[in-house]
Structures are given as structure tokens and as C-alpha cells.
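*Asks:* Dropping the structure in here first, questions after.
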Amino acid sequence: MFFQQLINGLMLGSSYALIAVGYSLIFGVMGLLHFAHGEVFMVGAFIALQMVLLAHISLPIATLGAMTATAILGIIIAAIAFLPIKKQYVAAPLIATIGLGIVMQNLAVKIFGADQVSFPETIEIVNYKIGDVIINSLQIITLCVTLVLMILLSLYIKNTKMGKAMRASAERPTTASLLGVNYKKVVLVTFAIASALAGVAGVLTGLVYSSISPFMSGPATLKGLVVMLMGGLGNLVGAVVCGIFLGILEIFSVAYLSASYRDSLTFVILILVLILRPEGLFGVRLHGR
Amino acid sequence: MISPYMESILIFAGINILLAISWYVPHCAGLISIGQGGFMAIGAYVSAYLSLHGIPFYLSLSIGAITSCVISIIVGLPALRIKGLYVILLTIGFGEIVRIFFLNFEPTGSAEGLGGMFPYTTLLSVYLTVAIVMFFINLINNSHFGRAMEAVLEDEDAAETLGVNLTTTKLLAFSIGGFIAGLGGGFYAHYALYIHSDNFGILRSVEILIYPFVGGISSLWGGVLGALLLTSLTEALRVARDFRMEIYGGIIVVTMIFRPQGFLGKYTISWKSGRRVLHLLKFK
């Protein structure tokens with residue numbers, strides 16, 4: 001039972017991790033809390049669904065399509081809500097992303113309907129039994145995809161020129177541009193990558209839980225924020241670890257405590273982190289207090 | 001005199017003005033809150049519960065507001081040690097915790113909501129409260145405390161070196177905000193006559209946040225303008241009823257791009273600029 005719940009927790013946790021990494025990327029490089037990230041997540045799921053339903057595209061390719069679409073969506077969001085606003089207005093991009101989020105969610109309800117829908121059964125789900133634990137092929141695929149994406153992302157950030165540019169902008173944007181980094185390009189690339197990850201997370205979550213709805217963005221936004229905070233704002237490793245941790249914690253709290261307080265667990269953790277260790281579990285203290 | 005429809009819009013606008021002001025006061029001391037919905041909820045539920053049990057309206061309203069104020073002090077304590085961005089997250093968390101709490105709290109109806117209140121809220125009582133609150137906030141802003149808040153807003157460390165007590169300043173500003181939000185909640189409960197914890201979630205807190213952001217964050221009148229504008233806009237847009245929320249979101253985005261500080265500046269509506277306008281007119 002315990003290991004079964006652990007696997008379930010890992011599933012939930014890996015989708016949280018993917019969303020939180022996007023948040024951390026955007027916050028790290030641009031100092032922006034992206035309140036429309038949950039909507040990007042939701043749009044990714046729907047686009048993949050539409051591709052499978054309308055064009056009968058196979059699921060893996062539909063996922064790639066969703067990733068591309070959400071990456072473009074991310075670039076559009078950056079172009080509207082972030083780039084036009086002058087640097088000195090710190091809170092304005094945040095509010096602008098909130099506004100965009102409202103627009104996106106309502107458009108999604110108009111275009112896709114407000115009901116919960118699910119992916120059609122296109123993949124054969126094979127159940128494997130390891131001891132007492134049942135894990136199916138869909139869950140294995142989800143875990144593998146998440147792992148691969150994380151590895152690719154860290155390789156990209158460590159080794160490519162753009163990755164270095166992103167890290168430089170995260171540390172010191174002005175100095176980075178003095179050294180020749182095209183800040184606008186970095187912003188767009190960061191948004192694109194983060195949004196693509198959110199798109200994949202959307203598809204995976206929709207598959208694992210057999211449901212997609214325009215209202216899945218709300219919890220995703222909030223939980224992603226909490227995970228990012230827990231791991232340390234801007235800290236990618238922290239985001240992944242804490243995402244998985246929160247997923248496991250949540251599943252365990254439903255299994256061993258009560259289901260009605262599941263969502264409040266996230267916020268209790270938020271408050272605890274803010275009171276006890278605001279810089280996050282993996283963060284660096286900014287000033288001694 | 002005015003149609004019931006008009007009156008209803010004005011009353012909702014008045015309640016939203018109170019909430020906008022409840023956001024403005026903590027902001028004067030540098031605290032940005034996206035959790036005023038939670039304080040509104042506390043004021044609403046407490047005052048509704050009391051009035052349903054026979055306590056006269058103004059007393060239950062006040063107790064609701066005071067409860068909200070006390071809770072805001074408790075919430076404000078952890079907010080003292082953390083910097084601006086984290087305060088935002090704290091208030092978001094608080095708002096959601098309040099929502100989930102009332103969703104599960106039996107004595108006030110939990111998931112069924114609370115209803116059957118007597119419509120004590122009138123146009124007069126709301127706007128009289130608005131006027132009194134605005135008068136007092138103006139008084140505070142021009143006082144020693146108001147200058148302390150402004151100092152904290154500009155630069156906390158410098159303010160501290162000049163002897164401003166950060167703790168009291170921030171807590172007091174936050175608790176005034178909580179009190180006013182509680183008032184707004186109480187009025188709301190006795191006008192809508194049915195409240196449910198979902199009314200007070202993060203969406204409501206975001207709506208409250210937007211009133212000053214569109215109307216002008218640095219000015220008390222900014223929140224007023226924003227609340228009036230956006231409340232009546234929600235009604236005026238009933239014509240384009242299907243795309244109401246999209247237009248609403250669009251207005252937010254456009255305002256942030258072209259006028260991030262909101263329409264009104266700090267001194268747009270003030271004695272200073274009034275004198276200047278008078279001066280200009282004199283020399284026509």
C-alpha cells in the first residue's frame with residue numbers, strides 16, 4: 001500500500017515538478033511571478049487533445065505539437081505582458097499576467113467548453129506488477145518523459161551558449177547585456193522553454209488523471225507557486241525535488257488523513273515555509289534577519 | 001429617485017470601494033496583499049452569523065470588522081520578517097486557507113453557504129461608511145504615522161535608521177486594512193443575503209487588487225475610481241455579455257502596459273493640485 005501510494009505521489013509530483021521548473025526559470029531569469037503559467041499548462045493539454053481528436057494524430061506527436069504551441073503561447077505572453085513594461089514597475093507584469101490568465105481561461109471555456117473531458121483510449125495500457133505494487137505503462141512513460149526533459153533542460157542550461165546567457169541574465173541582467181547578451185532574446189527563450197514544459201505537464205496530467213478542464217489551471221498555478229517557493233525562488237533543482245515531495249505528501253495526506261483538506265495542505269506548507277524558511281529549502285539567504 | 005438596478009450597482013461599487021481602500025492602506029506601508037478576500041470573508045461570516053442570531057446590525061458589523069482586524073494582526077506578524085514578494089505569497093496562502101476553512105466549517109454552513117440575512121445594507125449606510133473611512137485615512141496619511149508609512153514604503157532600512165518602528169507601522173497599516181475589508185465583507189453579506197466561501201477566494205482577492213491597480217495605486221482616490229469604474233464596467237459590459245471577462249482581462253493588461261501605476265497619480269486629487277488648477281484658472 002505504501003509503495004503504491006509512493007508511485008502515485010511520484011506521478012503527481014512529477015507534473016508539479018515540471019510546472020514549478022517553468023516558474024523557477026521565469027522567476028530566476030526575469031524576477032517575474034508568472035500567474036498565467038497554469039493557463040499555459042491547461043492550454044497544452046487541450047491542444048494535444050484537439051490534435052488527437054480532430055486530426056487523429058498519435059499521442060506522442062500530439063504532445064510535441066502541444067509543446068510547440070505552448071512555447072509560441074509563452075512567447076506571445078512575454079511579448080504582451082512582460083517586454084512592453086518598463087523595468088521600474090515591479091508589480092505591473094505580475095498583474096498583466098493575471099489579466100492574461102483571465103482572458104485565456106475564459107477563451108478556453110468558450111472554445112473548449114466548460115466540461116471535463118478526457119483523452120481517448122489510444123494507448124494500450126499494460127499493467128505491471130512488482131511485488132505488491134501495480135504500475136502501468138502510462139505511469140512509466142510519464143516518469144521517463146519527465147526525467148528525460150529534466151536532463152535535457154539541465155544539459156541545455158549548463159552547456160549551450162543560450163543557457164549561459166540565461167544564467168548570466170538571472171544573476172546580473174545589466175552586466176549581461178553589457179557583455180553582449182541579447183536580453184530580449186533570453187526572455188523569449190526562457191518563456192518558450194518554461195511554457196513548453198508546462199504544456200507537456202498538462203498533457204501528462206490529463207493522461208494520468210483522465211480529465212482535462214479549463215479549470216485545471218487554478219490549482220496548477222497555485223501549487224506551482226508554492227513548490228517554487230519551497231524549493232527556493234529561481235532554484236531549478238529545488239523546484240524538481242520539492243515538486244515531487246509535495247506530490248508524495250499530498251497523496252499520502254489523502255490516503256492517511258482526510259481528502260477534504262488536501263488543498264489546504266499546500267497552503268499550510270506555504271505558510272510554514274514563509275515563516276520558517278522563506279528562502280526555500282534550497283535557497284540562499286539574501287540578508288541575515 | 002434612482003432605479004433599483006442603479007442602486008444595486010452603486011451599493012456593490014461602494015462595497016468594492018471599501019475593499020479597494022483596504023488594499024490601499026497596507027500598500028501605503030509597502031505591503032502588497034492578494035488576500036483581502038480572506039479578510040472580507042471573515043467580516044462577512046462573523047457579521048452574518050451574529051446578525052442571524054439576533055445581534056443588531058451595526059454591532060455585528062463592527063464585531064465582524066474587529067475580528068478581521070485581529071486576524072490580520074496575527075497574519076501580519078510573520079509578514080514582518082519577509083520581503084515584499086514573499087508577503088504577496090503569504091497573503092495568497094492566507095486567503096486560500098480562509099476559503100478552505102469556511103468551506104469545511106459547520107456552524108456557518110460549510111459547503112452550503114450561509115443565507116437568510118436581513119438586508120440591512122443601504123446605499124446611505126455604505127457610502128456614509130465610505131466617507132467616514134476616507135476622511136480618517138486622509139487624516140492618518142497627513143499625520144506622523146502617515147509619514148512613517150511613506151518612509152517604510154520608500155526604504156525600510158533608511159526608515160528604521162531614522163527611528164521608525166517597522167513592526168508597529170506595518171502591523172497597524174495591515175490591521176487597518178483588515179478592519180476595512182471586514183466592514184466591506186459585512187456589508188456584502190447583508191446585501192447579497194447569501195454567502196459562500198467560494199465568493200471570497202483568490203479570484204475575489206485579485207479583483208480587489210485590480211481596483212487600485214487600474215485606478216491608481218498611490219492614491220486613496222485611485223482605489224475609489226478603480227472600484228467605481230470596474231464595478232460599473234462589469235455591468236455595462238453586459239451588452240457584450242459573452243466576452244465580459246475577456247474584456248475585463250484585456251483592460252487589465254492594457255492598463256499595465258500603458259499606465260502601470262494606474263490612472264490617478266499620488267497628487268492628482270489633492271489640495272495641492274486643486275490649488276494649482278485654481279491658480280491656472282485665475283490667470284485665464
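Letters A, B, ... go to the chains of the C-alpha cells in the order shown; residues in each chain start at 1; ligands are counted from 1 in the same order.
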What's around Leu85 (chain B) at 9 Å? Count only C-alpha atoms, leave out sequence neighbours fewer than 4 positions away in its own chain, and write the answer as JSON, numbers by chain.

*Replies:* {"B": [32, 89, 90]}

*Asks:* Select residues of chain B: the criterion is any atom within 10 Å of an atom of chain A, counting only C-alpha atoms; output as JSON, numbers by chain.

*Replies:* {"B": [32, 75, 77, 78, 79, 80, 81, 82, 83, 85, 86, 87, 89, 90, 91, 92, 93, 94, 95, 96, 97, 98, 99, 100, 101, 103, 104, 202, 203, 206, 209, 210, 213, 214, 242, 243, 244, 245, 246, 247, 248, 249, 250, 251, 252, 253, 254, 255, 256, 257, 258, 259, 260, 261, 262]}

*Asks:* Might you pull out every residue within 6 Å of region 44-47 of chain A, with only C-alpha atoms counted and same-chain residues fewer than 2 positions away left off, and present them as a count of residues only?

*Replies:* 9

*Asks:* Could you work out how far CA of Tyr45 (chain B) lies from CA of Thr169 (chain B), giving the answer in Å with one decimal?

*Replies:* 28.0 Å

*Asks:* Which polymer residues have any atom within 12 Å of an atom of Tyr5 (chain B), counting only C-alpha atoms, with same-chain residues fewer than 5 positions away left out, as a list in words?

*Replies:*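 Final neighbour list, sorted by chain and number: Leu10, Ile11, Phe12, Ser232, Glu235 and Ala236 of chain B.
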
*Asks:* Out of A:Thr205, A:Gln139, A:Gln5, A:Ser195, which residue has the shortest atom-to-atom distance to Ala69 (chain A) when counting only C-alpha atoms?

*Replies:*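 Of all the options, A:Ser195 lies closest to Ala69 (chain A).
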
*Asks:* Which residues, written as a PyMOL selection string, have at least one atom at most 8 Å from region 177-189 of chain B, with only C-alpha atoms counted and residues fewer than 6 positions away on the same chain left out?

*Replies:* chain B and resi 12+15-16+18-19+21-26+36-37+39-48+61-62+64-69+71-72+117+120-121+126+195

*Asks:* Just the selected residues (N, CA and C atoms), exported as an mmCIF file, in the first residue's frame, please.

*Replies:*
data_model
loop_
_atom_site.group_PDB
_atom_site.id
_atom_site.type_symbol
_atom_site.label_atom_id
_atom_site.label_comp_id
_atom_site.auth_asym_id
_atom_site.auth_seq_id
_atom_site.Cartn_x
_atom_site.Cartn_y
_atom_site.Cartn_z
ATOM 1 N N PHE B 12 -22.921 47.793 -4.674
ATOM 2 C CA PHE B 12 -21.766 46.907 -4.905
ATOM 3 C C PHE B 12 -20.495 47.715 -5.108
ATOM 4 N N ILE B 15 -19.250 48.862 -1.784
ATOM 5 C CA ILE B 15 -18.560 47.776 -1.067
ATOM 6 C C ILE B 15 -17.174 47.576 -1.649
ATOM 7 N N ASN B 16 -17.083 47.600 -2.984
ATOM 8 C CA ASN B 16 -15.777 47.426 -3.614
ATOM 9 C C ASN B 16 -14.835 48.584 -3.312
ATOM 10 N N LEU B 18 -14.772 50.138 -0.465
ATOM 11 C CA LEU B 18 -14.224 49.817 0.853
ATOM 12 C C LEU B 18 -13.086 48.817 0.730
ATOM 13 N N LEU B 19 -13.289 47.811 -0.112
ATOM 14 C CA LEU B 19 -12.244 46.798 -0.269
ATOM 15 C C LEU B 19 -10.997 47.360 -0.945
ATOM 16 N N ILE B 21 -9.964 50.387 -0.657
ATOM 17 C CA ILE B 21 -9.278 51.151 0.377
ATOM 18 C C ILE B 21 -8.538 50.195 1.314
ATOM 19 N N SER B 22 -9.152 49.021 1.563
ATOM 20 C CA SER B 22 -8.492 48.064 2.459
ATOM 21 C C SER B 22 -7.219 47.529 1.846
ATOM 22 N N TRP B 23 -7.103 47.601 0.542
ATOM 23 C CA TRP B 23 -5.851 47.205 -0.099
ATOM 24 C C TRP B 23 -4.857 48.350 -0.050
ATOM 25 N N TYR B 24 -5.400 49.561 -0.188
ATOM 26 C CA TYR B 24 -4.550 50.736 -0.291
ATOM 27 C C TYR B 24 -3.742 50.998 0.974
ATOM 28 N N VAL B 25 -4.396 50.837 2.141
ATOM 29 C CA VAL B 25 -3.706 51.207 3.373
ATOM 30 C C VAL B 25 -2.456 50.361 3.630
ATOM 31 N N PRO B 26 -2.533 49.017 3.552
ATOM 32 C CA PRO B 26 -1.278 48.257 3.709
ATOM 33 C C PRO B 26 -0.246 48.643 2.664
ATOM 34 N N GLN B 36 -7.017 40.035 0.481
ATOM 35 C CA GLN B 36 -8.072 40.808 1.145
ATOM 36 C C GLN B 36 -9.402 40.085 1.088
ATOM 37 N N GLY B 37 -9.559 39.188 0.122
ATOM 38 C CA GLY B 37 -10.770 38.370 0.059
ATOM 39 C C GLY B 37 -10.951 37.573 1.335
ATOM 40 N N PHE B 39 -9.976 38.427 4.403
ATOM 41 C CA PHE B 39 -10.458 39.305 5.475
ATOM 42 C C PHE B 39 -11.913 39.668 5.253
ATOM 43 N N MET B 40 -12.262 39.854 3.977
ATOM 44 C CA MET B 40 -13.653 40.132 3.641
ATOM 45 C C MET B 40 -14.518 38.972 4.100
ATOM 46 N N ALA B 41 -14.020 37.745 3.855
ATOM 47 C CA ALA B 41 -14.776 36.550 4.245
ATOM 48 C C ALA B 41 -15.008 36.525 5.740
ATOM 49 N N ILE B 42 -13.958 36.818 6.506
ATOM 50 C CA ILE B 42 -14.089 36.786 7.966
ATOM 51 C C ILE B 42 -15.144 37.792 8.410
ATOM 52 N N GLY B 43 -15.052 39.021 7.883
ATOM 53 C CA GLY B 43 -16.038 40.042 8.236
ATOM 54 C C GLY B 43 -17.433 39.608 7.854
ATOM 55 N N ALA B 44 -17.569 39.026 6.652
ATOM 56 C CA ALA B 44 -18.881 38.619 6.173
ATOM 57 C C ALA B 44 -19.473 37.519 7.044
ATOM 58 N N TYR B 45 -18.714 36.455 7.261
ATOM 59 C CA TYR B 45 -19.239 35.321 8.015
ATOM 60 C C TYR B 45 -19.543 35.682 9.462
ATOM 61 N N VAL B 46 -18.626 36.405 10.105
ATOM 62 C CA VAL B 46 -18.845 36.750 11.510
ATOM 63 C C VAL B 46 -20.077 37.635 11.660
ATOM 64 N N SER B 47 -20.172 38.673 10.841
ATOM 65 C CA SER B 47 -21.304 39.584 10.982
ATOM 66 C C SER B 47 -22.603 38.897 10.604
ATOM 67 N N ALA B 48 -22.552 38.023 9.576
ATOM 68 C CA ALA B 48 -23.775 37.307 9.185
ATOM 69 C C ALA B 48 -24.222 36.368 10.302
ATOM 70 N N LEU B 61 -21.770 44.047 12.562
ATOM 71 C CA LEU B 61 -20.845 44.546 11.548
ATOM 72 C C LEU B 61 -19.510 44.912 12.186
ATOM 73 N N SER B 62 -19.600 45.628 13.316
ATOM 74 C CA SER B 62 -18.371 46.069 13.962
ATOM 75 C C SER B 62 -17.580 44.893 14.496
ATOM 76 N N GLY B 64 -17.594 41.911 13.382
ATOM 77 C CA GLY B 64 -17.003 41.252 12.222
ATOM 78 C C GLY B 64 -15.721 41.948 11.797
ATOM 79 N N ALA B 65 -15.786 43.273 11.731
ATOM 80 C CA ALA B 65 -14.618 44.028 11.307
ATOM 81 C C ALA B 65 -13.485 43.891 12.318
ATOM 82 N N ILE B 66 -13.840 43.905 13.602
ATOM 83 C CA ILE B 66 -12.798 43.787 14.627
ATOM 84 C C ILE B 66 -12.153 42.406 14.578
ATOM 85 N N THR B 67 -12.966 41.364 14.369
ATOM 86 C CA THR B 67 -12.385 40.014 14.236
ATOM 87 C C THR B 67 -11.400 39.974 13.097
ATOM 88 N N SER B 68 -11.826 40.564 11.971
ATOM 89 C CA SER B 68 -10.956 40.604 10.813
ATOM 90 C C SER B 68 -9.659 41.330 11.136
ATOM 91 N N CYS B 69 -9.793 42.402 11.910
ATOM 92 C CA CYS B 69 -8.630 43.195 12.285
ATOM 93 C C CYS B 69 -7.670 42.376 13.132
ATOM 94 N N ILE B 71 -7.380 39.102 13.305
ATOM 95 C CA ILE B 71 -6.745 38.060 12.488
ATOM 96 C C ILE B 71 -5.662 38.658 11.610
ATOM 97 N N SER B 72 -5.897 39.888 11.142
ATOM 98 C CA SER B 72 -4.896 40.475 10.264
ATOM 99 C C SER B 72 -3.611 40.754 11.038
ATOM 100 N N MET B 117 -29.879 36.344 5.640
ATOM 101 C CA MET B 117 -29.656 37.583 6.374
ATOM 102 C C MET B 117 -30.693 38.627 5.982
ATOM 103 N N TYR B 120 -29.808 44.614 5.677
ATOM 104 C CA TYR B 120 -29.546 45.823 6.438
ATOM 105 C C TYR B 120 -28.757 46.863 5.642
ATOM 106 N N THR B 121 -28.065 46.399 4.608
ATOM 107 C CA THR B 121 -27.199 47.321 3.869
ATOM 108 C C THR B 121 -28.025 48.264 3.025
ATOM 109 N N VAL B 126 -23.705 52.416 3.332
ATOM 110 C CA VAL B 126 -22.441 52.079 2.679
ATOM 111 C C VAL B 126 -21.630 53.337 2.402
ATOM 112 N N ILE B 195 -23.996 34.021 1.405
ATOM 113 C CA ILE B 195 -22.545 33.984 1.162
ATOM 114 C C ILE B 195 -22.037 32.550 1.144
#

*Asks:* So how far away is CA of Glu156 (chain B) from CA of Ser218 (chain B), in Å?

*Replies:*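 Computed distance, CA of Ser218 (chain B) to CA of Glu156 (chain B), equals 17.3 Å.
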
*Asks:* If you run DSSP on the backbone here, which positions in region 68-240 of chain B get strand (DSSP E)? Please write them as a PyMOL selection string.

*Replies:* chain B and resi 114-115+194-195

*Asks:* Keeping only C-alpha atoms, write the selected residues to a file as a PDB file, in the first residue's frame.

*Replies:*
ATOM      1  CA  LEU B 114     -24.870  30.915   4.763  1.00  0.00           C
ATOM      2  CA  GLY B 115     -28.058  32.674   3.910  1.00  0.00           C
ATOM      3  CA  TYR B 194     -26.252  34.620   0.810  1.00  0.00           C
ATOM      4  CA  ILE B 195     -22.545  33.984   1.162  1.00  0.00           C
TER       5      ILE B 195
END

*Asks:* Smallest atom-to-atom distance to Leu143 (chain A): which of A:Val200, A:Ser14, A:Gln116, A:Leu236, using only C-alpha atoms?

*Replies:*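 Of all the options, A:Ser14 lies closest to Leu143 (chain A).
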
*Asks:* My list of candidates is B:Ile140, B:Ile17, B:Leu166, B:Ile73. Which is closest to Leu128 (chain B) when distances are computed with only C-alpha atoms?

*Replies:*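 Checking each of B:Ile140, B:Ile17, B:Leu166, B:Ile73 against Leu128 (chain B), counting only C-alpha atoms, the winner is B:Ile17.
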
*Asks:* Hey, what's within 10 Å of Ala13 (chain B) if we count only C-alpha atoms and toss same-chain stuff fewer than 4 positions away? As a list of chain:residue names, please?

*Replies:*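 Residues meeting the cut-off are B:Glu7, B:Ser8, B:Ile9, B:Ile17, B:Leu18, B:Leu19, B:Val126, B:Tyr127, B:Val224, B:Leu225, B:Gly226, B:Ala227, B:Leu228, B:Leu229, B:Leu230, B:Thr231, B:Ser232.
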
*Asks:* Quote the spacing between CA of Ala196 (chain A) and CA of Asp115 (chain A) in Å to one decimal place.

*Replies:*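 Interatomic distance, CA of Ala196 (chain A) to CA of Asp115 (chain A): 24.3 Å.
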